[in-house]
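Novice: The structure under discussion is supplied below as structure tokens; questions concerning it will follow.
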Amino acid sequence: MTELSTTDSQHLWRLARKPSKGWPTDGDFNWTEEPIPDPGANQLCSRTIYLSMDPYQWVRRRTGTEQPGDICHGRTVSQVVKSNHSDYDEGDYLFNTNGWSEFGLTGDGIDHFNYMLPRKLDATAAPLSTAIGVLGMLGLTAYAGSIVQCDPQPGETFVVSAASGGVGQIAGQLARIRGCRVVGIAGVDEKCQYVVNELGFDACVSHLSETLGDDLKCACPDGIDVYFENVGGKVFDAVAPLLNTKSRVSVCGMISQYGLADPHISRQLWNETGQPHFDRNDVTIHDLFVGNFVKDYQTKFLAEASAWYRDGELKYREDFWDGLEKAPKALNAMLTGHNFGKMIVRV
Ligand SMILES: NC(=O)c1ccc[n+]([C@@H]2O[C@H](COP(=O)([O-])OP(=O)(O)OC[C@H]3O[C@@H](n4cnc5c(N)ncnc54)[C@H](OP(=O)(O)O)[C@@H]3O)[C@@H](O)[C@H]2O)c1
């Protein structure tokens, strides 16, 4: 491992301004060169290897949770380069929250804005990048929404939007493992073919089709029993009429809304007071926030998902972009459907 001195510098991204409506542009961020931080007592400094690109990062910036001047937040996989922390040695790999920076501090007094605490990773057990994906927050999100909230039963029809994306690909496969008929909704043909041919979904329809509603009806002849919502907007409009009595919806996200003028993401199913205004009392709507499931479900999920992943039962596609300098463009690409699989920047 390279010896570090405190005179060494690193690159990182800071938020330049509070973004207005729309999608990320280079002008929203400042690329700076700064000293590598020196760890204090009970802290460590680690070099970022993988940086997770997640839709919520944009929401944080647009709603002001992240302020101009802040280092852009992001979950990471990294390697310890200097440790004053008794739990970690130099060379250890860990899941942590270095943000959009080449190096970062972890440990006492560091605010990680992360309900998923730093943990050591075993590089021989699974590829390191899975810790920010299928065996991390994304996988737990898919598990919480599909299995815990909606409890899909064998033979039921399970529909998931953004079906080839980070969360969607996992949610659909978990339902397939449960014995459901799984129908994906995705963008381009290549993504639709992937979820059917590689992930074993029963069908997939494109939201780019002008006949989305009819296509979905054909793919779901018995209606929809469970819907895992990642997108909102016109995709939900196509799903809603097909929801069966006693169906369940997990509202995981509404990515189509994240560039709207009102940054306090108006979830289409709710009004300002948090009451559902999707007017069907025979359908159960679950709002999903993965942080609520970490304490009770993370250990169980990790055990089950690691085994499925190891056995090839649970497949997982990643979309790597090389170079931290590409982070703003990578975030934009993911928010506008130009990723294919879980979006990761290889730092
Ligand atoms: N509730 C929670 O705790 C929680 C935690 C993690 C993630 N999430 C949510 O999960 C969802 C998926 O996140 P992810 O990280 O896995 O991203 P992702 O699915 O890998 O990437 C986003 C995908 O959304 C689709 N999309 C974007 N704009 C769209 C539009 N206008 N209409 C239809 N599809 C559109 C695109 O796929 P196509 O090309 O196929 O359209 C794009 O590839 C997001 O809504 C996110 O906010 C929620």
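The chains in the structure tokens are called A, B, ... from first to last as shown; in each chain the residues are counted from 1, and the ligands are counted from 1 in the order shown.
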Would you mind listing what lies within 8 Å of stretch 292-297 of chain A as JSON, numbers by chain, with only C-alpha atoms counted and same-chain residues fewer than 2 positions away left out?
Specialist: {"A": [115, 116, 140, 144, 289, 290, 299, 300, 301]}
Novice: Give me the residues near stretch 7-21 of chain A as a count of residues only, where near means some atom within 8 Å (using only C-alpha atoms) and where sequence neighbours in that chain fewer than 3 positions away do not count.
Specialist: 32
Novice: Find, counting only C-alpha atoms and all ligand atoms, the residue in A:Met254, A:Ala238, A:Val249, A:Val80 that gets nearest to ligand 1.
Specialist: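 Nearest candidate to ligand 1 out of A:Met254, A:Ala238, A:Val249, A:Val80: A:Met254.
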Novice: Residues within 8 Å of ligand 1, counting only C-alpha atoms and all ligand atoms: report them as a VMD selection string.
Specialist: chain A and resid 53 to 56 137 to 138 141 161 to 168 185 to 188 191 to 192 206 to 208 229 to 235 251 to 257 287 to 291 333 to 343
Novice: Kindly give the distance, in Å, that separates atom CA of A:Cys204 and atom CA of A:Asp189, rounded to a single decimal.
Specialist: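 Separation of atom CA of A:Cys204 and atom CA of A:Asp189: 9.2 Å.
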Novice: DSSP says helix (DSSP H, G or I) for which residues of stretch 24-100 of chain A? Put them as a PyMOL selection string?
Specialist: chain A and resi 26-28+55-63
Novice: Please produce a file of the residues just selected, as a PDB file, in the first residue's frame, where the atoms kept are C-alpha atoms.
Specialist:
```pdb
ATOM      1  CA  ASP A  26     -21.542  20.155 -14.199  1.00  0.00           C
ATOM      2  CA  GLY A  27     -22.355  23.658 -12.896  1.00  0.00           C
ATOM      3  CA  ASP A  28     -24.041  22.185  -9.822  1.00  0.00           C
ATOM      4  CA  PRO A  55     -31.337   8.898  -6.824  1.00  0.00           C
ATOM      5  CA  TYR A  56     -31.700  10.164  -3.234  1.00  0.00           C
ATOM      6  CA  GLN A  57     -28.391  12.055  -3.609  1.00  0.00           C
ATOM      7  CA  TRP A  58     -30.123  14.403  -6.045  1.00  0.00           C
ATOM      8  CA  VAL A  59     -33.124  14.759  -3.764  1.00  0.00           C
ATOM      9  CA  ARG A  60     -30.827  15.755  -0.849  1.00  0.00           C
ATOM     10  CA  ARG A  61     -29.224  18.458  -2.973  1.00  0.00           C
ATOM     11  CA  ARG A  62     -32.482  19.809  -4.326  1.00  0.00           C
ATOM     12  CA  THR A  63     -34.212  19.938  -0.934  1.00  0.00           C
TER      13      THR A  63
END
```
